[in-house]
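J.: Input structure: structure.txt, which contains compact mmCIF, C-alpha atoms and all ligand atoms.
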# COMPACT_ATOMS: atom_id res chain seq x y z
CA MET A 23 -13.39 -7.17 15.22
CA ARG A 24 -13.28 -4.97 12.14
CA TYR A 25 -10.25 -4.49 9.91
CA PHE A 26 -9.01 -2.58 6.86
CA ASP A 27 -6.46 -4.26 4.57
CA ALA A 28 -4.35 -1.23 3.60
CA HIS A 29 -2.50 -2.92 0.71
CA ASP A 30 -3.39 -5.82 -1.51
CA HIS A 31 -3.50 -6.86 -5.17
CA LEU A 32 -6.87 -8.54 -5.68
CA GLN A 33 -6.28 -8.28 -9.45
CA ASN A 34 -3.58 -10.96 -9.11
CA TYR A 35 -5.96 -13.77 -8.21
CA ALA A 36 -5.89 -16.37 -10.95
CA SER A 37 -9.62 -16.10 -11.73
CA PRO A 38 -12.66 -13.94 -10.89
CA GLU A 39 -13.95 -16.91 -8.82
CA GLU A 40 -10.82 -16.96 -6.63
CA GLU A 41 -10.99 -13.20 -6.26
CA ALA A 42 -14.68 -13.34 -5.24
CA ALA A 43 -13.94 -16.13 -2.74
CA ALA A 44 -11.10 -14.08 -1.21
CA VAL A 45 -13.36 -11.02 -0.84
CA ALA A 46 -16.18 -13.13 0.66
CA ALA A 47 -13.78 -14.76 3.16
CA ALA A 48 -12.38 -11.33 4.06
CA ARG A 49 -15.86 -9.92 4.72
CA ALA A 50 -16.74 -12.95 6.84
CA ALA A 51 -13.54 -12.38 8.86
CA GLY A 52 -14.53 -8.74 9.55
CA VAL A 53 -12.54 -6.93 6.86
CA GLU A 54 -14.56 -3.77 6.14
CA GLY A 55 -12.32 -2.19 3.57
CA MET A 56 -9.39 -3.00 1.27
CA LEU A 57 -7.04 -0.88 -0.81
CA CYS A 58 -6.34 -2.69 -4.08
CA CYS A 59 -3.15 -1.41 -5.73
CA GLY A 60 -2.41 -1.46 -9.44
CA THR A 61 1.16 -1.96 -10.62
CA SER A 62 1.22 -1.27 -14.39
CA PRO A 63 -1.03 -0.16 -17.27
CA ASP A 64 -1.72 -3.89 -17.79
CA ASP A 65 -3.69 -4.20 -14.55
CA TRP A 66 -5.31 -0.76 -14.08
CA GLY A 67 -8.43 -1.84 -15.95
CA ARG A 68 -8.81 -4.90 -13.68
CA VAL A 69 -8.30 -2.80 -10.56
CA LEU A 70 -11.00 -0.40 -11.75
CA GLU A 71 -13.42 -3.29 -12.42
CA ILE A 72 -12.77 -4.76 -8.98
CA ALA A 73 -13.34 -1.40 -7.25
CA GLU A 74 -16.61 -1.00 -9.18
CA ARG A 75 -17.70 -4.55 -8.30
CA TYR A 76 -17.02 -4.35 -4.55
CA GLU A 77 -18.01 -1.19 -2.72
CA ASP A 78 -15.59 -2.02 0.12
CA VAL A 79 -12.56 -2.00 -2.23
CA ALA A 80 -10.79 1.31 -2.85
CA PRO A 81 -8.50 1.50 -5.89
CA ALA A 82 -4.98 2.81 -6.44
CA PHE A 83 -3.35 3.20 -9.86
CA GLY A 84 0.37 3.46 -10.48
CA LEU A 85 3.48 2.11 -12.17
CA HIS A 86 5.41 -0.12 -9.72
CA PRO A 87 9.20 0.38 -9.67
CA TRP A 88 9.77 -3.20 -10.90
CA PHE A 89 7.98 -2.44 -14.17
CA THR A 90 8.41 -0.24 -17.20
CA ALA A 91 5.65 0.77 -19.60
CA GLU A 92 5.18 1.96 -23.14
CA GLU A 93 5.25 5.64 -23.97
CA GLY A 94 2.05 7.43 -23.08
CA TRP A 95 1.55 5.52 -19.81
CA LEU A 96 1.66 8.66 -17.68
CA GLY A 97 -1.20 10.23 -19.64
CA ARG A 98 -3.23 7.03 -19.23
CA LEU A 99 -2.51 7.02 -15.51
CA GLY A 100 -3.84 10.58 -15.29
CA GLU A 101 -7.03 9.44 -17.04
CA PHE A 102 -7.59 6.59 -14.56
CA LEU A 103 -6.99 8.88 -11.59
CA ARG A 104 -9.32 11.58 -12.90
CA ARG A 105 -12.00 8.99 -13.60
CA VAL A 106 -11.99 7.83 -9.96
CA PRO A 107 -11.65 10.90 -7.72
CA ARG A 108 -11.22 8.79 -4.56
CA ALA A 109 -8.36 6.71 -6.06
CA CYS A 110 -4.85 6.87 -4.61
CA VAL A 111 -1.71 6.94 -6.74
CA GLY A 112 0.23 3.67 -6.28
CA GLU A 113 1.89 1.34 -6.04
CA ILE A 114 4.87 3.52 -6.90
CA GLY A 115 8.37 3.83 -5.48
CA LEU A 116 12.08 3.07 -5.48
CA ASP A 117 13.70 -0.35 -5.26
CA GLY A 118 17.48 -0.54 -4.79
CA ALA A 119 17.39 -4.34 -4.99
CA ARG A 120 15.67 -4.38 -8.34
CA GLU A 121 16.69 -1.53 -10.62
CA THR A 122 14.70 -0.85 -13.78
CA PRO A 123 15.31 1.74 -16.53
CA GLY A 124 13.93 5.16 -15.61
CA GLN A 125 12.82 4.02 -12.15
CA GLU A 126 13.44 7.28 -10.32
CA GLU A 127 12.20 9.41 -13.21
CA ASN A 128 8.96 7.41 -13.33
CA PHE A 129 8.54 7.73 -9.58
CA ARG A 130 9.07 11.49 -9.64
CA ALA A 131 6.61 11.95 -12.49
CA GLN A 132 3.97 10.05 -10.49
CA LEU A 133 4.68 12.06 -7.32
CA GLU A 134 4.08 15.23 -9.35
CA LEU A 135 0.86 13.84 -10.77
CA GLY A 136 -0.33 12.79 -7.30
CA ALA A 137 0.44 16.23 -5.89
CA ARG A 138 -1.27 17.98 -8.80
CA LEU A 139 -4.43 15.89 -8.41
CA GLY A 140 -4.28 15.97 -4.59
CA ARG A 141 -4.06 12.18 -4.16
CA PRO A 142 -2.47 10.17 -1.36
CA ALA A 143 0.33 7.86 -2.56
CA VAL A 144 1.00 4.19 -1.80
CA ILE A 145 4.77 3.71 -1.75
CA HIS A 146 7.10 0.72 -2.12
CA CYS A 147 10.70 1.24 -1.03
CA VAL A 148 13.67 -1.10 -0.75
CA ARG A 149 17.09 0.22 0.39
CA LYS A 150 16.60 3.78 -0.93
CA TRP A 151 15.22 5.35 2.24
CA GLY A 152 17.41 8.48 2.20
CA ARG A 153 16.57 9.31 -1.39
CA LEU A 154 12.89 8.59 -0.76
CA LEU A 155 12.84 11.03 2.14
CA GLU A 156 14.40 13.75 -0.05
CA LEU A 157 11.90 13.25 -2.86
CA LEU A 158 8.87 13.09 -0.55
CA GLY A 159 10.10 16.23 1.21
CA ARG A 160 9.50 18.24 -1.93
CA ALA A 161 6.58 16.27 -3.37
CA GLY A 162 3.68 18.12 -1.68
CA LEU A 163 1.38 15.09 -1.46
CA PRO A 164 -1.68 15.27 0.81
CA ALA A 165 -0.50 12.01 2.47
CA PHE A 166 1.48 8.87 1.69
CA MET A 167 1.75 5.34 3.00
CA LEU A 168 5.00 3.40 3.19
CA HIS A 169 3.65 -0.05 2.54
CA ALA A 170 5.37 -3.06 4.18
CA TYR A 171 7.64 -0.57 5.93
CA GLY A 172 11.17 -1.98 6.01
CA GLY A 173 13.13 1.17 6.81
CA PRO A 174 14.93 1.94 10.07
CA ALA A 175 13.01 2.85 13.22
CA GLU A 176 15.14 6.03 13.35
CA MET A 177 13.60 7.36 10.11
CA VAL A 178 9.97 6.96 11.18
CA LYS A 179 9.82 10.43 12.74
CA ALA A 180 11.09 12.19 9.59
CA PHE A 181 8.60 10.39 7.32
CA ALA A 182 5.75 10.97 9.78
CA GLY A 183 6.61 14.68 9.79
CA LEU A 184 5.97 14.76 6.03
CA GLY A 185 2.52 13.16 6.37
CA GLY A 186 3.60 9.52 6.23
CA TYR A 187 1.60 6.49 7.29
CA PHE A 188 3.34 3.13 7.90
CA SER A 189 1.88 -0.22 6.98
CA PHE A 190 2.96 -3.65 8.28
CA ASN A 191 2.06 -7.20 7.30
CA GLY A 192 2.39 -10.77 8.59
CA GLU A 193 6.20 -10.60 8.51
CA LEU A 194 5.79 -9.33 12.07
CA LEU A 195 5.22 -12.97 12.98
CA ASP A 196 8.76 -13.91 11.91
CA PRO A 197 10.87 -14.35 15.08
CA ARG A 198 13.97 -13.09 13.20
CA ARG A 199 12.40 -9.71 12.36
CA GLU A 200 13.40 -7.88 15.54
CA ARG A 201 14.21 -4.64 13.67
CA LEU A 202 10.83 -4.69 11.97
CA ARG A 203 9.11 -4.87 15.35
CA ALA A 204 11.31 -1.98 16.56
CA ALA A 205 10.16 0.12 13.60
CA LEU A 206 6.54 -0.81 14.35
CA ALA A 207 6.98 0.38 17.93
CA ALA A 208 8.34 3.75 16.69
CA VAL A 209 5.25 4.57 14.58
CA PRO A 210 2.88 7.23 15.97
CA PRO A 211 -0.46 5.45 16.68
CA GLU A 212 -2.43 7.76 14.36
CA ARG A 213 -0.19 6.73 11.43
CA LEU A 214 -0.27 2.97 11.79
CA LEU A 215 -1.81 0.72 9.10
CA LEU A 216 -1.93 -3.06 8.58
CA GLU A 217 -2.01 -5.02 5.34
CA THR A 218 -1.85 -8.51 3.84
CA GLU A 219 -0.45 -7.85 0.33
CA SER A 220 -2.75 -10.65 -0.86
CA PRO A 221 -2.46 -12.85 -2.80
CA GLU A 222 1.21 -13.08 -1.81
CA PRO A 223 2.26 -16.49 -0.45
CA ASP A 224 1.27 -17.44 3.08
CA ALA A 225 3.59 -16.97 6.02
CA PRO A 226 3.43 -19.58 8.79
CA GLY A 227 0.37 -18.94 10.93
CA TRP A 228 -0.95 -16.35 8.47
CA ARG A 229 -4.23 -17.08 6.72
CA SER A 230 -4.15 -16.57 3.00
CA GLY A 231 -5.98 -13.61 1.44
CA PRO A 232 -7.27 -10.38 2.97
CA ALA A 233 -9.03 -12.56 5.59
CA GLY A 234 -5.52 -12.91 7.05
CA MET A 235 -5.95 -9.41 8.54
CA ALA A 236 -7.01 -11.09 11.78
CA GLU A 237 -3.59 -12.76 12.07
CA VAL A 238 -1.74 -9.59 11.04
CA ALA A 239 -3.57 -7.57 13.72
CA ALA A 240 -2.85 -10.28 16.30
CA ALA A 241 0.86 -10.22 15.35
CA ALA A 242 1.03 -6.42 15.65
CA ALA A 243 -0.82 -6.59 18.96
CA GLY A 244 1.65 -9.17 20.27
CA ALA A 245 4.63 -7.06 19.17
CA LEU A 246 3.25 -3.88 20.75
CA GLY A 247 1.73 -5.45 23.86
CA ARG A 248 -1.68 -3.92 23.11
CA PRO A 249 -5.07 -5.62 22.68
CA ALA A 250 -5.78 -6.77 19.11
CA GLU A 251 -9.26 -5.14 19.30
CA GLU A 252 -7.67 -1.78 19.94
CA LEU A 253 -5.19 -2.15 17.05
CA ALA A 254 -7.87 -3.33 14.65
CA ALA A 255 -10.08 -0.32 15.47
CA LEU A 256 -7.16 2.11 15.36
CA THR A 257 -5.82 0.93 12.01
CA LEU A 258 -9.31 0.81 10.49
CA ALA A 259 -9.89 4.46 11.48
CA ASN A 260 -6.43 5.43 10.18
CA ALA A 261 -7.04 3.70 6.84
CA ARG A 262 -10.40 5.45 6.45
CA LYS A 263 -8.65 8.75 7.09
CA PHE A 264 -5.82 7.93 4.65
CA THR A 265 -8.09 6.84 1.81
CA GLY A 266 -10.35 9.83 2.45
CA GLU A 267 -7.50 12.25 1.98
CA ALA A 268 -7.95 12.60 -1.79
CA ARG A 269 -8.88 16.20 -2.51
ZN ZN A 301 2.23 -4.43 -3.34
Can you dump the structure from the file as structure tokens?

T.:
Amino acid sequence: MRYFDAHDHLQNYASPEEEAAAVAAARAAGVEGMLCCGTSPDDWGRVLEIAERYEDVAPAFGLHPWFTAEEGWLGRLGEFLRRVPRACVGEIGLDGARETPGQEENFRAQLELGARLGRPAVIHCVRKWGRLLELLGRAGLPAFMLHAYGGPAEMVKAFAGLGGYFSFNGELLDPRRERLRAALAAVPPERLLLETESPEPDAPGWRSGPAGMAEVAAAAAGALGRPAEELAALTLANARKFTGEAR
């Protein structure tokens, strides 16, 4: 089976050796592509290096809602995005559980930049689903992905109508996450993505690193009652389409 890890942070491995081992294990497990997401000006350089080192890693650059940055960061972000025409803007977003100064303003500025450069966006959202929908409705992005989608199943249609993709991870394996599986079931097949968010801590039964895509695909397959082969192929094709949407 072949997979695409639609959201990870390879730059967060403790050393280049650990990062290389994670990429090698992922390739051996059938992972054909990964989207490595920056989170602040401090890691954009590392993300760029990683994307240059591994041809199967696509980069995204953005200021994560948990972080703030020194003046001038938006100009630097524009430079990174212009330097890599296939790069997405992200990880950006809104987090109602972890407020930071200027969070919404920073998010809006990055949506504008993404729209101006014609880049798909990788979005993090906690609790602020209504506001997110409003902002995305006027953003004019070519496409966006709601990574680790945690919103209600009822909002899937509205986000999909704006060009949204929905990404899920190994939390699908958690027996208590019934609402998450309901949201998964509501996603149009052509907008479904799967991710590991490596190197985040392991969940039970979930292999560490992007190689864990096999377990994530099996979990999604179990929740949807579809063959894992079919979901792996579908989400790989969707991820190729999403990352190819930079104009
Ligand atoms: Zn992330």

J.: Can you build me a table of chain A residues sitting at most 7 Å from ligand ZN 301 (chain A), with the closest atom pair per residue and its distance in Å to one decimal, using all atoms listed in the file, sorted by chain and residue number, as a Markdown table?

T.:
| residue | atom | partner | partner_atom | distance |
| --- | --- | --- | --- | --- |
| A:His29 | CA | A:ZN301 | ZN | 6.4 |
| A:Asp30 | CA | A:ZN301 | ZN | 6.1 |
| A:His31 | CA | A:ZN301 | ZN | 6.5 |
| A:Cys59 | CA | A:ZN301 | ZN | 6.6 |
| A:Glu113 | CA | A:ZN301 | ZN | 6.4 |
| A:Glu219 | CA | A:ZN301 | ZN | 5.7 |

J.: Excluding Arg138 of chain A and any residue of its chain fewer than 3 positions from it, enumerate the residues within 9 Å of it, using only C-alpha atoms, and give them as JSON, numbers by chain.

T.: {"A": [133, 134, 135, 141, 162, 163]}

J.: What does the structure give for the distance between atom CA of Leu216 of chain A and atom CA of Glu121 of chain A, in Å to one decimal?

T.: 26.8 Å

J.: Show me, as a PyMOL selection string, the residues that have an atom within 9 Å of Ala255 of chain A when counting only C-alpha atoms, minus same-chain residues fewer than 4 positions from it.

T.: chain A and resi 23-26+250-251+259-260

J.: Per residue of segment 196-218 of chain A within 7 Å of segment 172-182 of chain A, what are the shortest atom pair and its distance in Å to one decimal, counting all atoms listed in the file, with rows by chain and residue number, as JSON lines?

T.:
{"residue": "A:Leu202", "atom": "CA", "partner": "A:Gly172", "partner_atom": "CA", "distance": 6.6}
{"residue": "A:Ala204", "atom": "CA", "partner": "A:Ala175", "partner_atom": "CA", "distance": 6.1}
{"residue": "A:Ala205", "atom": "CA", "partner": "A:Ala175", "partner_atom": "CA", "distance": 4.0}
{"residue": "A:Ala208", "atom": "CA", "partner": "A:Ala175", "partner_atom": "CA", "distance": 5.9}
{"residue": "A:Val209", "atom": "CA", "partner": "A:Val178", "partner_atom": "CA", "distance": 6.3}

J.: Out of A:Ala46, A:Ala91, A:Leu246, A:Met235, which residue has the shortest atom-to-atom distance to Thr218 of chain A when counting all atoms listed in the file?

T.: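 Result for the nearest residue to Thr218 of chain A: A:Met235.
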
J.: Choose the residue, out of A:Glu54, A:Glu41, A:Glu212, A:Glu222, that has the smallest atom-to-atom separation from Glu193 of chain A; count all atoms listed in the file.

T.: A:Glu222

J.: Between atom CA of Tyr171 of chain A and atom CA of Arg75 of chain A, what distance in Å does the model show, to one decimal?

T.: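 Atom-to-atom, atom CA of Tyr171 of chain A to atom CA of Arg75 of chain A, that is 29.3 Å.
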
J.: Atom CA of Arg203 of chain A and atom CA of Ala254 of chain A, how far apart in Å?

T.: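 Result for atom CA of Ala254 of chain A versus atom CA of Arg203 of chain A: 17.1 Å, one decimal.
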
J.: Could you list as a ChimeraX atom specification every residue that has an atom within 12 Å of (9.2, 18.5, -4.0), using the file's coordinates and counting all atoms listed in the file?

T.: /A:130-138,154-163,184

J.: What's the 7 Å shell around Asp117 of chain A, counting all atoms listed in the file, without same-chain residues fewer than 2 positions away, as a compact mmCIF listing (two decimals) with C-alpha atoms, in the coordinates of the input?

T.:
# COMPACT_ATOMS: atom_id res chain seq x y z
CA PRO A 87 9.20 0.38 -9.67
CA GLY A 115 8.37 3.83 -5.48
CA ALA A 119 17.39 -4.34 -4.99
CA ARG A 120 15.67 -4.38 -8.34
CA GLU A 121 16.69 -1.53 -10.62
CA CYS A 147 10.70 1.24 -1.03
CA VAL A 148 13.67 -1.10 -0.75
CA ARG A 149 17.09 0.22 0.39
CA LYS A 150 16.60 3.78 -0.93

J.: Nearest to Met167 of chain A among A:Ala80, A:Leu195, A:Val106, A:Val111, with distances taken over only C-alpha atoms: which residue is it?

T.: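 Selected residue with least distance to Met167 of chain A: A:Val111.
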
J.: Rank nothing, just name the residue among A:Ala243, A:Val79, A:Ala42, A:Ile114 nearest to Gly60 of chain A, using only C-alpha atoms.

T.: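 So, comparing all the options, the nearest one is A:Ile114.
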